[in-house]
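**Student:** Have a look at this one.
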Amino acid sequence: MKVLIVGSGGREHAIAWSAAKSPKVDKIYCAPGNAGIAEYAECVEIGAMEFDRLTAFAKEKAVDLTIVGMDDPLVGGIVDAFEAEGLRVFGPRKNAAVLEGSKAFSKDLMKKYNIPTAAYENFTDAQAAMDYLETAEFPIVLKADGLALGKGVLICNTLEEAQEGVKTIMLDKQFGTAGNTMVIEEFMTGREVSVLSFVDGKTIKTMTSAQDHKRAKDNDEGLNTGGMGTFSPSPFYTEEVDAFCRENIYQATVDAMAAEGRPFKGIIFFGLMLTEKGPRVLEYNARFGDPEAQVVLPRMKNDIIEVVEACVDGTLDQIDLQFEDNAAVCVVLASAGYPVAYEKGFPIHGLEAFKDRDGYYVFHAGTKFKDGEIVTNGGRVLGVTAKGKDLREARKNAYKAIDWIEFENKYHRNDIGKAIDEA
């Protein structure tokens, strides 16, 4: 088979690495890809939002299957564009990707189908939002409705902070058109857990759990980022939690989307909050998480291509999805200054140290080739993942492995997986 992967981050590198292991695959393309993905795939300089060029390329190269990694093209309708050309593609159509593309849509869906989530109100008018806040309980959460690179969520402790937040999102448009509609949501407390799942429109198979670290600095301080590291499985995702979510959240979401005439095929990422009153949905994503994919995929026993094809064909009920009985931790190596301002173009040394070491992986997020060497090309540069028999061993291995890599202005959090010690 010939496979095309759309995207350029650590998630797409993990997908390419997984696809390369499949005996079904003999050629991988990635658009636009990065320096790490180039080890497995032929990278082509086509942007993820250039649907006409991507479909033309897939037809020209007789691509058998396209896997879309990123949220923007999915929400923009890339799957519809590929299907219109008779091409096999993995991911939700535009009318289903709205599950991630609009927080207002997803909240309304959960309310309609009694899927447990935080109490909320949607606003399209800034003054109406301001008026609502006058009577609200604090802390409270403000969310830009659309895609905002994981950064469009503000937790406000006081009325003044919340009023400033409304200004930031709805008036100053700091997150662009994502802030045209805003969700004001009850603040929930508890452990956050991520559960990714494969879906074929009717059947859902969940993957192993994970937990992400969003804040830039140690002790969960600093600005929200795309993710500074993650671990899998979550020790807080117990059998009781799993049973509750299967009964009240996972299948219920798939059935709700089908009932709305928006059958979902692809990946649903469930962002959960384990509250005192039970698990609640924080958010949905319509694709693999980044960096969650970097800890979940190395633990998956199945051939990713077989699972993906079952989702496309509606035969996921025939797949026995299995994961290794171990753990994985990913520490992101970022450029100092991320997510605000940072320099790029520094040579990266030590990548070869991962070559023949079993259970150690380095997934490229922001890298490129320059004058024959690999250099930094983003805020998040690399995701260093290591496996271990348990979470503590995996964490120890991951932090050992980050020392194998050097580049100027290298920055990382020192406390990825700190929750492991609290379990």
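Lettering and numbering for the structure tokens are positional, with chains as A, B, ... in the shown order, residues counted from 1 in each chain, and ligands counted from 1 in the shown order.
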Per DSSP on the backbone, filter range 44-228 of chain A down to the residues in helix (DSSP H, G or I) and report them as number ranges by chain.

**Tutor:** A: 51-60, 71-76, 78-84, 94-101, 103-112, 126-133, 159-171, 176-179, 218-220

**Student:** Contacts between range 235-259 of chain A and range 34-125 of chain A, please, where a residue of range 34-125 of chain A counts if it comes within 8 Å (with only C-alpha atoms); show its shortest atom pair and distance in Å to one decimal, rows by chain and ascending number, as CSV.

**Tutor:**
```
residue,atom,partner,partner_atom,distance
A:Ala96,CA,A:Met257,CA,7.2
A:Leu109,CA,A:Ala256,CA,7.3
A:Met110,CA,A:Thr253,CA,7.8
A:Tyr113,CA,A:Ala256,CA,6.6
A:Ile115,CA,A:Ile249,CA,5.7
A:Pro116,CA,A:Ile249,CA,7.1
```

**Student:** With only C-alpha atoms as the basis for distance, which of A:Phe363, A:Phe407, A:Phe270, A:Phe57 is at the shortest distance from Glu343 in chain A?

**Tutor:**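 For Glu343 in chain A, the nearest of the given residues is A:Phe407.
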
**Student:** Name all residues at most 6 Å from range 380-392 of chain A (count only C-alpha atoms; drop same-chain ones fewer than 3 positions away) and give them as a VMD selection string.

**Tutor:** chain A and resid 326 to 334 359 to 366 395 397 to 398

**Student:** Please build the interface table for range 183-243 of chain A against range 289-301 of chain A with a cut-off of 9 Å, listing for each qualifying residue the nearest atom pair and the distance in Å to one decimal; count only C-alpha atoms, order rows by chain and increasing number, and write it as JSON lines.

**Tutor:**
```
{"residue": "A:Ser194", "atom": "CA", "partner": "A:Glu292", "partner_atom": "CA", "distance": 8.0}
{"residue": "A:Leu196", "atom": "CA", "partner": "A:Gly289", "partner_atom": "CA", "distance": 7.7}
{"residue": "A:Met207", "atom": "CA", "partner": "A:Val296", "partner_atom": "CA", "distance": 7.4}
{"residue": "A:Thr208", "atom": "CA", "partner": "A:Val296", "partner_atom": "CA", "distance": 6.5}
{"residue": "A:Ser209", "atom": "CA", "partner": "A:Val296", "partner_atom": "CA", "distance": 7.7}
{"residue": "A:Ala210", "atom": "CA", "partner": "A:Glu292", "partner_atom": "CA", "distance": 6.5}
{"residue": "A:Gln211", "atom": "CA", "partner": "A:Glu292", "partner_atom": "CA", "distance": 7.5}
{"residue": "A:Asp212", "atom": "CA", "partner": "A:Glu292", "partner_atom": "CA", "distance": 6.8}
{"residue": "A:Gly226", "atom": "CA", "partner": "A:Asp290", "partner_atom": "CA", "distance": 7.4}
{"residue": "A:Gly227", "atom": "CA", "partner": "A:Pro291", "partner_atom": "CA", "distance": 6.4}
{"residue": "A:Met228", "atom": "CA", "partner": "A:Pro291", "partner_atom": "CA", "distance": 7.8}
{"residue": "A:Gly229", "atom": "CA", "partner": "A:Pro291", "partner_atom": "CA", "distance": 6.4}
{"residue": "A:Thr230", "atom": "CA", "partner": "A:Glu292", "partner_atom": "CA", "distance": 6.2}
{"residue": "A:Phe231", "atom": "CA", "partner": "A:Val295", "partner_atom": "CA", "distance": 6.4}
{"residue": "A:Ser232", "atom": "CA", "partner": "A:Val295", "partner_atom": "CA", "distance": 6.1}
{"residue": "A:Pro233", "atom": "CA", "partner": "A:Val296", "partner_atom": "CA", "distance": 8.3}
```

**Student:** Please provide the set of residues having any atom within 7 Å of Lys368 in chain A, restricted to only C-alpha atoms, with same-chain residues fewer than 6 positions apart removed, written as a PyMOL selection string.

**Tutor:** chain A and resi 34-35+374-377

**Student:** Run DSSP on the backbone of this structure and report the residues of range 255-335 of chain A it assigns to strand (DSSP E or B), as an MDAnalysis selection string.

**Tutor:** chainID A and resid 265:275 278:285 300 323 327:335

**Student:** Mind pulling up the distance from CA of Asn219 in chain A to CA of Glu408 in chain A?

**Tutor:**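 So the answer is 24.0 Å.
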
**Student:** Of the candidates A:Ile204, A:Leu282, A:Leu74, A:Ala97, which shows the shortest atom-to-atom distance to Phe187 in chain A, using only C-alpha atoms?

**Tutor:** A:Leu282
